[in-house]
Amino acid sequence: MNIKTSRRKFLQGTGAALGAAATGFPTFAIGQTAKIKIGIMMPFTGTYAQLGEAGFNALKLALTASGGKLGGRDVEYITLDDESNPARGPANAEKLIKESNVDILYGTVHSGVVMGMVKIARETGTLLMIPNAGAGAATGPLCAPNIFRSSFSNWQPPFPMGKVAYDKGYRNVVTMTWKYGAGEEAIGGFTEGFTALGGKIVKEIMVPFPDVEFQANLAEIASLKPDAVFVFFAGGGAAKYVKDYAAAGLRKSIPLLGSGFLTEGVLQAQGEAAEGILTTLHYADNLDLPTNKKFRADYKKAFNKEADIYAVQGYDAGLLLAAGFKAVKGDTGAKAELYKAMEAATIDSPRGKFTLSKAHNPIQDIYLREVRKGQNEVIGVAHKALADPARGCKLTG
Ligand code: BEZ
């Protein structure tokens with residue numbers, strides 16, 4: 001774990017607030033420093049490290065449009081590597097809130113870790129902005145006025161793939177994933193869509209997170225001879241899975257389908273092995289939208305990397321926060337108005353415009369994509385304006 005902030009920075013911020021009061025410039029409620037503090041709790045090491053970095057980079061990029069400010073106030077980032085370790089989730093979130101006094105908790109990638117953040121956000125009333133982790137509970141039974149997500153629920157991207165697979169004539173499918181919340185919920189989404197039409201899941205394979213020893217499972221898949229395989233993997237594990245699948249000789253005989261994370265941010269590493277893979281996701285590299293083109297160019301210029309879904313979601317989290325804080329002119333104490341403005345925002349995202357559901361989760365198009373020449377290319381809309389069912393959420397919006 002690594003918290004990067006400094007006492008000097010904190011004192012500078014406090015001094016600025018007092019100075020502002022004395023000089024007649026805008027002041028902030030007692031106890032607030034001049035800067036809005038965002039606690040960045042993301043994985044900066046391990047299999048999800050690149051995902052964490054992209055989600056943080058793009059947040060900063062989004063805020064450059066407003067001079068790096070939120071509602072006119074400077075922003076200070078306090079970063080913490082959560083290591084995708086669910087066991088430390090609550091303690092890490094609590095540390096950012098109680099020791100670093102952050103105004104906003106931002107994170108994370110891993111569904112198990114976000115559950116700890118949700119717990120602490122609910123207990124403390126701190127605004128939680130989730131830029132990736134799709135845990136259904138965060139915008140389901142544990143939804144709350146102060147919890148927002150700019151990404152997806154784990155159910156959303158794979159659910160439409162059930163129909164895509166069925167329409168392709170596949171009837172017997174093997175599923176495979178890491179055994180943790182995101183994997184289980186993603187497989188659940190695909191299974192719901194596929195079996196409702198009459199498809200059959202012949203075997204569910206789960207391996208511990210973040211294991212990448214897939215050989216024995218791939219041998220079993222070869223012997224089962226299903227019509228197709230549907231998987232959820234992401235980050236470093238996704239890169240390895242796709243290469244192993246091809247190396248096991250399955251690529252030509254058993255089509256590999258995935259929730260789109262399978263080919264996000266890892267296409268270079270997967271190379272030729274990824275070509276032709278079909279996935280469903282709320283983004284595609286070549287979406288023909290001015291916002292997407294500008295975003296990809298700006299991101300490349302700023303970070304010398306191709307943008308991916310994790311960057312898109314971080315960018316949109318920044319736009320959502322900017323809309324909310326603009327409405328309250330940076331007043332972190334005006335929580336009801338802040339949340340109302342965020343709920344009412346239409347985000348002009350690189351994925352296409354979206355609004356939030358009553359449970360604070362994007363209502364968004366899910367695209368069917370195919371990997372072509374090292375890009376996730378859109379080949380259709382698998383489900384228009386899909387909202388998570390938000391089962392168990394009592395928010396009325
Ligand atoms: C999750 O744990 O929720 C997750 C991680 C990586 C990609 C997508 C979802």
# chains A, B, ... in the order shown; residues from 1 in each chain; ligands from 1

$ residues_near_ligand --ligand "ligand 1" --cutoff "6 Å" --atoms "only C-alpha atoms and all ligand atoms" --output "PDB file with N, CA, C and O atoms, in the first residue's frame"
ATOM      1  N   VAL A 109     -11.085  -1.016  -9.674  1.00  0.00           N
ATOM      2  CA  VAL A 109     -11.234  -1.929 -10.809  1.00  0.00           C
ATOM      3  C   VAL A 109     -11.903  -3.240 -10.378  1.00  0.00           C
ATOM      4  O   VAL A 109     -12.805  -3.745 -11.041  1.00  0.00           O
ATOM      5  N   HIS A 110     -11.485  -3.806  -9.259  1.00  0.00           N
ATOM      6  CA  HIS A 110     -11.858  -5.161  -8.836  1.00  0.00           C
ATOM      7  C   HIS A 110     -13.157  -5.146  -8.026  1.00  0.00           C
ATOM      8  O   HIS A 110     -13.278  -4.400  -7.042  1.00  0.00           O
ATOM      9  N   SER A 111     -14.100  -5.990  -8.426  1.00  0.00           N
ATOM     10  CA  SER A 111     -15.416  -6.015  -7.764  1.00  0.00           C
ATOM     11  C   SER A 111     -15.330  -6.357  -6.277  1.00  0.00           C
ATOM     12  O   SER A 111     -16.104  -5.827  -5.470  1.00  0.00           O
ATOM     13  N   ALA A 133     -15.186  -1.242 -11.505  1.00  0.00           N
ATOM     14  CA  ALA A 133     -15.732  -2.447 -10.852  1.00  0.00           C
ATOM     15  C   ALA A 133     -17.244  -2.574 -11.023  1.00  0.00           C
ATOM     16  O   ALA A 133     -18.003  -1.701 -10.631  1.00  0.00           O
ATOM     17  N   GLY A 134     -17.656  -3.724 -11.576  1.00  0.00           N
ATOM     18  CA  GLY A 134     -19.055  -3.892 -11.959  1.00  0.00           C
ATOM     19  C   GLY A 134     -19.937  -4.575 -10.928  1.00  0.00           C
ATOM     20  O   GLY A 134     -21.082  -4.941 -11.255  1.00  0.00           O
ATOM     21  N   ALA A 135     -19.465  -4.757  -9.706  1.00  0.00           N
ATOM     22  CA  ALA A 135     -20.223  -5.498  -8.679  1.00  0.00           C
ATOM     23  C   ALA A 135     -21.693  -5.082  -8.671  1.00  0.00           C
ATOM     24  O   ALA A 135     -22.015  -3.911  -8.425  1.00  0.00           O
ATOM     25  N   ALA A 182     -16.917 -10.565 -10.052  1.00  0.00           N
ATOM     26  CA  ALA A 182     -17.075 -10.081 -11.429  1.00  0.00           C
ATOM     27  C   ALA A 182     -17.252 -11.244 -12.403  1.00  0.00           C
ATOM     28  O   ALA A 182     -18.116 -11.203 -13.289  1.00  0.00           O
ATOM     29  N   ALA A 234      -9.787 -10.370 -17.722  1.00  0.00           N
ATOM     30  CA  ALA A 234      -9.391  -8.989 -18.021  1.00  0.00           C
ATOM     31  C   ALA A 234      -7.919  -8.809 -17.672  1.00  0.00           C
ATOM     32  O   ALA A 234      -7.330  -9.628 -16.954  1.00  0.00           O
ATOM     33  N   PHE A 261     -14.023  -7.129 -22.062  1.00  0.00           N
ATOM     34  CA  PHE A 261     -12.770  -6.897 -21.330  1.00  0.00           C
ATOM     35  C   PHE A 261     -11.677  -7.864 -21.799  1.00  0.00           C
ATOM     36  O   PHE A 261     -10.493  -7.609 -21.627  1.00  0.00           O
TER      37      PHE A 261
END

$ residues_around --residues "Ile36 in chain A" --least-positions-apart "4" --cutoff "10 Å" --atoms "only C-alpha atoms" --output "list in words"
Gly13, Gln32, Lys69, Leu70, Gly71, Gly72, Arg73, Asp74, Val75, Glu76, Tyr77, Asn101, Val102, Asp103, Ile104, Gly330, Asp331 and Thr332 of chain A

$ select_by_dssp --residues "range 90-334 of chain A" --states "strand (DSSP E)" --output "PyMOL selection string"
chain A and resi 104-106+127-130+147-149+172-178+200-207+228-232+256-259+278-281

$ write_last_selection --atoms "C-alpha atoms" --output "PDB file, in the first residue's frame"
ATOM      1  CA  ILE A 104     -14.300  11.938  -2.914  1.00  0.00           C
ATOM      2  CA  LEU A 105     -13.392   8.272  -2.941  1.00  0.00           C
ATOM      3  CA  TYR A 106     -12.480   7.174  -6.480  1.00  0.00           C
ATOM      4  CA  LEU A 127     -19.130  10.378  -2.374  1.00  0.00           C
ATOM      5  CA  LEU A 128     -17.911   7.193  -4.071  1.00  0.00           C
ATOM      6  CA  MET A 129     -17.239   7.311  -7.809  1.00  0.00           C
ATOM      7  CA  ILE A 130     -16.674   3.860  -9.321  1.00  0.00           C
ATOM      8  CA  ILE A 147     -22.592   5.964  -4.766  1.00  0.00           C
ATOM      9  CA  PHE A 148     -22.189   6.526  -8.525  1.00  0.00           C
ATOM     10  CA  ARG A 149     -20.724   4.384 -11.296  1.00  0.00           C
ATOM     11  CA  ASN A 172     -23.968 -25.955 -26.167  1.00  0.00           C
ATOM     12  CA  VAL A 173     -21.522 -23.550 -24.558  1.00  0.00           C
ATOM     13  CA  VAL A 174     -18.760 -23.923 -21.964  1.00  0.00           C
ATOM     14  CA  THR A 175     -18.119 -20.893 -19.749  1.00  0.00           C
ATOM     15  CA  MET A 176     -14.871 -20.069 -17.997  1.00  0.00           C
ATOM     16  CA  THR A 177     -13.770 -17.318 -15.616  1.00  0.00           C
ATOM     17  CA  TRP A 178     -11.925 -16.404 -12.443  1.00  0.00           C
ATOM     18  CA  LYS A 200     -27.413 -24.913 -22.694  1.00  0.00           C
ATOM     19  CA  ILE A 201     -24.334 -24.329 -20.528  1.00  0.00           C
ATOM     20  CA  VAL A 202     -22.584 -27.696 -20.637  1.00  0.00           C
ATOM     21  CA  LYS A 203     -19.869 -26.811 -18.132  1.00  0.00           C
ATOM     22  CA  GLU A 204     -18.932 -23.816 -15.933  1.00  0.00           C
ATOM     23  CA  ILE A 205     -15.192 -23.681 -15.299  1.00  0.00           C
ATOM     24  CA  MET A 206     -13.824 -21.393 -12.592  1.00  0.00           C
ATOM     25  CA  VAL A 207     -10.209 -20.871 -11.564  1.00  0.00           C
ATOM     26  CA  ALA A 228     -18.487 -22.150 -28.405  1.00  0.00           C
ATOM     27  CA  VAL A 229     -16.744 -20.955 -25.235  1.00  0.00           C
ATOM     28  CA  PHE A 230     -17.760 -17.792 -23.366  1.00  0.00           C
ATOM     29  CA  VAL A 231     -15.302 -16.243 -20.900  1.00  0.00           C
ATOM     30  CA  PHE A 232     -14.703 -13.334 -18.558  1.00  0.00           C
ATOM     31  CA  LEU A 256     -14.133 -18.000 -28.327  1.00  0.00           C
ATOM     32  CA  LEU A 257     -16.624 -15.347 -27.163  1.00  0.00           C
ATOM     33  CA  GLY A 258     -16.184 -12.900 -24.321  1.00  0.00           C
ATOM     34  CA  SER A 259     -17.347 -10.009 -22.292  1.00  0.00           C
ATOM     35  CA  LEU A 278     -16.292 -11.584 -30.912  1.00  0.00           C
ATOM     36  CA  THR A 279     -17.109  -9.710 -27.725  1.00  0.00           C
ATOM     37  CA  THR A 280     -19.833  -7.425 -26.376  1.00  0.00           C
ATOM     38  CA  LEU A 281     -19.059  -4.195 -24.535  1.00  0.00           C
TER      39      LEU A 281
END

$ closest_residue --among "A:Gly67, A:Gly112, A:Gly107, A:Pro145" --to "Lys335 in chain A" --atoms "only C-alpha atoms"
A:Pro145

$ residues_around --residues "Tyr245 in chain A" --least-positions-apart "2" --cutoff "9 Å" --atoms "only C-alpha atoms" --output "PyMOL selection string"
chain A and resi 214-215+218+240-243+247-251+256+273

$ write_last_selection --atoms "all heavy atoms" --output "mmCIF file, in the first residue's frame"
data_model
loop_
_atom_site.group_PDB
_atom_site.id
_atom_site.type_symbol
_atom_site.label_atom_id
_atom_site.label_comp_id
_atom_site.auth_asym_id
_atom_site.auth_seq_id
_atom_site.Cartn_x
_atom_site.Cartn_y
_atom_site.Cartn_z
ATOM 1 N N PHE A 214 -3.916 -22.122 -17.443
ATOM 2 C CA PHE A 214 -5.179 -22.529 -18.047
ATOM 3 C C PHE A 214 -5.104 -23.874 -18.796
ATOM 4 O O PHE A 214 -6.129 -24.365 -19.274
ATOM 5 C CB PHE A 214 -5.647 -21.454 -19.029
ATOM 6 C CG PHE A 214 -5.805 -20.073 -18.420
ATOM 7 C CD1 PHE A 214 -5.165 -18.978 -18.984
ATOM 8 C CD2 PHE A 214 -6.601 -19.875 -17.299
ATOM 9 C CE1 PHE A 214 -5.330 -17.702 -18.447
ATOM 10 C CE2 PHE A 214 -6.771 -18.606 -16.751
ATOM 11 C CZ PHE A 214 -6.126 -17.511 -17.322
ATOM 12 N N GLN A 215 -3.903 -24.439 -18.924
ATOM 13 C CA GLN A 215 -3.711 -25.577 -19.837
ATOM 14 C C GLN A 215 -4.669 -26.740 -19.580
ATOM 15 O O GLN A 215 -5.298 -27.263 -20.499
ATOM 16 C CB GLN A 215 -2.269 -26.097 -19.776
ATOM 17 C CG GLN A 215 -1.356 -25.521 -20.850
ATOM 18 C CD GLN A 215 -1.021 -24.049 -20.582
ATOM 19 O OE1 GLN A 215 -1.237 -23.563 -19.486
ATOM 20 N NE2 GLN A 215 -0.534 -23.346 -21.595
ATOM 21 N N LEU A 218 -8.132 -25.956 -20.684
ATOM 22 C CA LEU A 218 -8.268 -25.905 -22.143
ATOM 23 C C LEU A 218 -8.312 -27.320 -22.725
ATOM 24 O O LEU A 218 -9.044 -27.589 -23.689
ATOM 25 C CB LEU A 218 -7.126 -25.089 -22.755
ATOM 26 C CG LEU A 218 -7.178 -23.593 -22.400
ATOM 27 C CD1 LEU A 218 -5.921 -22.866 -22.876
ATOM 28 C CD2 LEU A 218 -8.422 -22.936 -22.992
ATOM 29 N N LYS A 240 -3.098 -13.534 -21.443
ATOM 30 C CA LYS A 240 -2.574 -14.911 -21.404
ATOM 31 C C LYS A 240 -3.625 -15.914 -21.896
ATOM 32 O O LYS A 240 -3.302 -16.857 -22.619
ATOM 33 C CB LYS A 240 -2.146 -15.219 -19.961
ATOM 34 C CG LYS A 240 -1.724 -16.636 -19.688
ATOM 35 C CD LYS A 240 -0.229 -16.774 -19.726
ATOM 36 C CE LYS A 240 0.377 -18.111 -19.348
ATOM 37 N NZ LYS A 240 -0.415 -19.251 -19.151
ATOM 38 N N TYR A 241 -4.883 -15.712 -21.517
ATOM 39 C CA TYR A 241 -5.920 -16.685 -21.889
ATOM 40 C C TYR A 241 -6.046 -16.792 -23.412
ATOM 41 O O TYR A 241 -6.081 -17.894 -23.978
ATOM 42 C CB TYR A 241 -7.275 -16.306 -21.278
ATOM 43 C CG TYR A 241 -8.294 -17.410 -21.446
ATOM 44 C CD1 TYR A 241 -8.377 -18.445 -20.518
ATOM 45 C CD2 TYR A 241 -9.125 -17.467 -22.568
ATOM 46 C CE1 TYR A 241 -9.270 -19.486 -20.692
ATOM 47 C CE2 TYR A 241 -10.025 -18.504 -22.749
ATOM 48 C CZ TYR A 241 -10.090 -19.515 -21.801
ATOM 49 O OH TYR A 241 -10.970 -20.560 -21.967
ATOM 50 N N VAL A 242 -6.115 -15.640 -24.066
ATOM 51 C CA VAL A 242 -6.311 -15.641 -25.526
ATOM 52 C C VAL A 242 -5.124 -16.298 -26.226
ATOM 53 O O VAL A 242 -5.285 -17.068 -27.184
ATOM 54 C CB VAL A 242 -6.553 -14.196 -26.028
ATOM 55 C CG1 VAL A 242 -6.410 -14.094 -27.534
ATOM 56 C CG2 VAL A 242 -7.946 -13.734 -25.588
ATOM 57 N N LYS A 243 -3.927 -16.043 -25.725
ATOM 58 C CA LYS A 243 -2.740 -16.664 -26.351
ATOM 59 C C LYS A 243 -2.734 -18.180 -26.101
ATOM 60 O O LYS A 243 -2.440 -18.969 -26.999
ATOM 61 C CB LYS A 243 -1.454 -16.019 -25.806
ATOM 62 C CG LYS A 243 -1.216 -14.649 -26.446
ATOM 63 C CD LYS A 243 0.180 -14.135 -26.217
ATOM 64 C CE LYS A 243 0.333 -13.655 -24.798
ATOM 65 N NZ LYS A 243 1.607 -13.016 -24.532
ATOM 66 N N ALA A 247 -2.813 -21.236 -28.697
ATOM 67 C CA ALA A 247 -1.707 -22.208 -28.659
ATOM 68 C C ALA A 247 -2.220 -23.637 -28.448
ATOM 69 O O ALA A 247 -1.601 -24.601 -28.910
ATOM 70 C CB ALA A 247 -0.729 -21.833 -27.543
ATOM 71 N N ALA A 248 -3.373 -23.770 -27.782
ATOM 72 C CA ALA A 248 -3.955 -25.106 -27.553
ATOM 73 C C ALA A 248 -4.651 -25.626 -28.807
ATOM 74 O O ALA A 248 -5.214 -26.729 -28.799
ATOM 75 C CB ALA A 248 -4.936 -25.042 -26.381
ATOM 76 N N GLY A 249 -4.671 -24.809 -29.867
ATOM 77 C CA GLY A 249 -5.240 -25.260 -31.139
ATOM 78 C C GLY A 249 -6.760 -25.180 -31.181
ATOM 79 O O GLY A 249 -7.396 -25.772 -32.055
ATOM 80 N N LEU A 250 -7.366 -24.400 -30.246
ATOM 81 C CA LEU A 250 -8.834 -24.371 -30.182
ATOM 82 C C LEU A 250 -9.449 -23.272 -31.047
ATOM 83 O O LEU A 250 -10.646 -23.286 -31.320
ATOM 84 C CB LEU A 250 -9.283 -24.145 -28.722
ATOM 85 C CG LEU A 250 -8.873 -25.229 -27.729
ATOM 86 C CD1 LEU A 250 -9.365 -24.897 -26.331
ATOM 87 C CD2 LEU A 250 -9.449 -26.575 -28.168
ATOM 88 N N ARG A 251 -8.631 -22.321 -31.436
ATOM 89 C CA ARG A 251 -9.149 -21.112 -32.057
ATOM 90 C C ARG A 251 -9.983 -21.392 -33.305
ATOM 91 O O ARG A 251 -11.043 -20.798 -33.505
ATOM 92 C CB ARG A 251 -7.954 -20.233 -32.433
ATOM 93 C CG ARG A 251 -8.318 -18.805 -32.569
ATOM 94 C CD ARG A 251 -7.100 -18.006 -32.902
ATOM 95 N NE ARG A 251 -7.419 -17.128 -33.987
ATOM 96 C CZ ARG A 251 -6.527 -16.565 -34.769
ATOM 97 N NH1 ARG A 251 -5.248 -16.834 -34.606
ATOM 98 N NH2 ARG A 251 -6.894 -15.765 -35.716
ATOM 99 N N LEU A 256 -14.284 -18.583 -29.660
ATOM 100 C CA LEU A 256 -14.133 -18.000 -28.327
ATOM 101 C C LEU A 256 -14.896 -16.680 -28.292
ATOM 102 O O LEU A 256 -14.644 -15.788 -29.112
ATOM 103 C CB LEU A 256 -12.641 -17.757 -28.032
ATOM 104 C CG LEU A 256 -12.298 -17.073 -26.715
ATOM 105 C CD1 LEU A 256 -12.803 -17.876 -25.519
ATOM 106 C CD2 LEU A 256 -10.786 -16.863 -26.596
ATOM 107 N N ALA A 273 -3.339 -13.918 -32.139
ATOM 108 C CA ALA A 273 -4.240 -14.859 -31.447
ATOM 109 C C ALA A 273 -5.621 -14.266 -31.185
ATOM 110 O O ALA A 273 -6.590 -15.000 -30.996
ATOM 111 C CB ALA A 273 -3.601 -15.290 -30.115
#

$ residues_around --residues "Tyr283 in chain A" --least-positions-apart "3" --cutoff "7 Å" --atoms "only C-alpha atoms" --output "PyMOL selection string"
chain A and resi 309+351+367

$ write_last_selection --atoms "N, CA and C atoms" --output "PDB file, in the first residue's frame"
ATOM      1  N   ILE A 309     -11.292   0.839 -22.868  1.00  0.00           N
ATOM      2  CA  ILE A 309     -12.524   1.046 -22.086  1.00  0.00           C
ATOM      3  C   ILE A 309     -12.220   1.602 -20.686  1.00  0.00           C
ATOM      4  N   ARG A 351     -18.047   6.650 -25.715  1.00  0.00           N
ATOM      5  CA  ARG A 351     -18.854   5.452 -26.023  1.00  0.00           C
ATOM      6  C   ARG A 351     -20.191   5.825 -26.665  1.00  0.00           C
ATOM      7  N   TYR A 367     -22.257  -2.790 -27.595  1.00  0.00           N
ATOM      8  CA  TYR A 367     -21.847  -3.033 -28.972  1.00  0.00           C
ATOM      9  C   TYR A 367     -21.352  -4.469 -29.157  1.00  0.00           C
TER      10      TYR A 367
END

$ residues_around --residues "Ile97 in chain A" --least-positions-apart "3" --cutoff "10 Å" --atoms "only C-alpha atoms" --output "number ranges by chain"
A: 37-39, 91-94, 100-105, 120-121, 124, 126

$ write_last_selection --atoms "N, CA, C and O atoms" --output "PDB file, in the first residue's frame"
ATOM      1  N   LYS A  37     -10.152  17.142  -2.409  1.00  0.00           N
ATOM      2  CA  LYS A  37      -9.248  15.982  -2.355  1.00  0.00           C
ATOM      3  C   LYS A  37      -9.942  14.733  -2.881  1.00  0.00           C
ATOM      4  O   LYS A  37     -11.021  14.379  -2.405  1.00  0.00           O
ATOM      5  N   ILE A  38      -9.290  14.101  -3.836  1.00  0.00           N
ATOM      6  CA  ILE A  38      -9.834  12.847  -4.380  1.00  0.00           C
ATOM      7  C   ILE A  38      -8.907  11.701  -3.977  1.00  0.00           C
ATOM      8  O   ILE A  38      -7.717  11.712  -4.301  1.00  0.00           O
ATOM      9  N   GLY A  39      -9.453  10.750  -3.276  1.00  0.00           N
ATOM     10  CA  GLY A  39      -8.696   9.558  -2.889  1.00  0.00           C
ATOM     11  C   GLY A  39      -8.774   8.545  -4.013  1.00  0.00           C
ATOM     12  O   GLY A  39      -9.846   7.996  -4.305  1.00  0.00           O
ATOM     13  N   ALA A  91     -10.279  -1.275   4.959  1.00  0.00           N
ATOM     14  CA  ALA A  91      -9.246  -0.534   5.708  1.00  0.00           C
ATOM     15  C   ALA A  91      -8.610   0.542   4.828  1.00  0.00           C
ATOM     16  O   ALA A  91      -8.363   1.670   5.278  1.00  0.00           O
ATOM     17  N   ASN A  92      -8.358   0.218   3.572  1.00  0.00           N
ATOM     18  CA  ASN A  92      -7.764   1.206   2.662  1.00  0.00           C
ATOM     19  C   ASN A  92      -8.709   2.391   2.427  1.00  0.00           C
ATOM     20  O   ASN A  92      -8.287   3.549   2.422  1.00  0.00           O
ATOM     21  N   ALA A  93      -9.983   2.073   2.227  1.00  0.00           N
ATOM     22  CA  ALA A  93     -10.965   3.152   1.985  1.00  0.00           C
ATOM     23  C   ALA A  93     -11.087   4.034   3.233  1.00  0.00           C
ATOM     24  O   ALA A  93     -11.131   5.266   3.147  1.00  0.00           O
ATOM     25  N   GLU A  94     -11.099   3.393   4.382  1.00  0.00           N
ATOM     26  CA  GLU A  94     -11.226   4.126   5.652  1.00  0.00           C
ATOM     27  C   GLU A  94     -10.017   5.032   5.872  1.00  0.00           C
ATOM     28  O   GLU A  94     -10.142   6.168   6.325  1.00  0.00           O
ATOM     29  N   SER A 100      -6.568  10.825   5.381  1.00  0.00           N
ATOM     30  CA  SER A 100      -6.231  11.801   4.339  1.00  0.00           C
ATOM     31  C   SER A 100      -7.373  12.780   4.090  1.00  0.00           C
ATOM     32  O   SER A 100      -7.222  13.706   3.286  1.00  0.00           O
ATOM     33  N   ASN A 101      -8.492  12.579   4.779  1.00  0.00           N
ATOM     34  CA  ASN A 101      -9.640  13.509   4.684  1.00  0.00           C
ATOM     35  C   ASN A 101     -10.086  13.779   3.252  1.00  0.00           C
ATOM     36  O   ASN A 101     -10.323  14.926   2.884  1.00  0.00           O
ATOM     37  N   VAL A 102     -10.183  12.728   2.452  1.00  0.00           N
ATOM     38  CA  VAL A 102     -10.594  12.970   1.073  1.00  0.00           C
ATOM     39  C   VAL A 102     -12.075  13.333   1.006  1.00  0.00           C
ATOM     40  O   VAL A 102     -12.881  12.900   1.825  1.00  0.00           O
ATOM     41  N   ASP A 103     -12.415  14.162   0.013  1.00  0.00           N
ATOM     42  CA  ASP A 103     -13.818  14.546  -0.201  1.00  0.00           C
ATOM     43  C   ASP A 103     -14.527  13.527  -1.078  1.00  0.00           C
ATOM     44  O   ASP A 103     -15.744  13.356  -1.000  1.00  0.00           O
ATOM     45  N   ILE A 104     -13.744  12.908  -1.964  1.00  0.00           N
ATOM     46  CA  ILE A 104     -14.300  11.938  -2.914  1.00  0.00           C
ATOM     47  C   ILE A 104     -13.435  10.680  -2.868  1.00  0.00           C
ATOM     48  O   ILE A 104     -12.212  10.759  -2.862  1.00  0.00           O
ATOM     49  N   LEU A 105     -14.099   9.546  -2.849  1.00  0.00           N
ATOM     50  CA  LEU A 105     -13.392   8.272  -2.941  1.00  0.00           C
ATOM     51  C   LEU A 105     -13.562   7.799  -4.384  1.00  0.00           C
ATOM     52  O   LEU A 105     -14.705   7.710  -4.875  1.00  0.00           O
ATOM     53  N   ILE A 120     -17.706   1.357   3.285  1.00  0.00           N
ATOM     54  CA  ILE A 120     -17.199   2.552   3.981  1.00  0.00           C
ATOM     55  C   ILE A 120     -17.903   3.815   3.471  1.00  0.00           C
ATOM     56  O   ILE A 120     -18.217   4.722   4.242  1.00  0.00           O
ATOM     57  N   ALA A 121     -18.197   3.864   2.185  1.00  0.00           N
ATOM     58  CA  ALA A 121     -18.916   5.034   1.635  1.00  0.00           C
ATOM     59  C   ALA A 121     -20.299   5.127   2.256  1.00  0.00           C
ATOM     60  O   ALA A 121     -20.774   6.221   2.591  1.00  0.00           O
ATOM     61  N   THR A 124     -19.846   6.331   5.960  1.00  0.00           N
ATOM     62  CA  THR A 124     -19.351   7.700   6.183  1.00  0.00           C
ATOM     63  C   THR A 124     -20.107   8.757   5.367  1.00  0.00           C
ATOM     64  O   THR A 124     -19.947   9.947   5.614  1.00  0.00           O
ATOM     65  N   THR A 126     -19.455   9.455   2.342  1.00  0.00           N
ATOM     66  CA  THR A 126     -18.520  10.038   1.361  1.00  0.00           C
ATOM     67  C   THR A 126     -18.956   9.688  -0.065  1.00  0.00           C
ATOM     68  O   THR A 126     -19.392   8.560  -0.320  1.00  0.00           O
TER      69      THR A 126
END

$ closest_residue --among "A:Ala186, A:Ala311, A:Ala219, A:Val371" --to "Pro350 in chain A" --atoms "only C-alpha atoms"
A:Ala311

$ residues_around --residues "range 285-290 of chain A" --least-positions-apart "2" --cutoff "7 Å" --atoms "only C-alpha atoms" --output "list in words"
Tyr283, Asn292, Lys293, Lys294, Gln375, Asn376, Glu377 and Val378 of chain A

$ closest_residue --among "A:Ser66, A:Thr346, A:Thr195, A:Asn361" --to "Ala137 in chain A" --atoms "only C-alpha atoms"
A:Asn361

$ residues_around --residues "Ala49 in chain A" --least-positions-apart "4" --cutoff "12 Å" --atoms "only C-alpha atoms" --output "ChimeraX atom specification"
/A:41-45,53-56,81-84,108-110,234-237,265,310
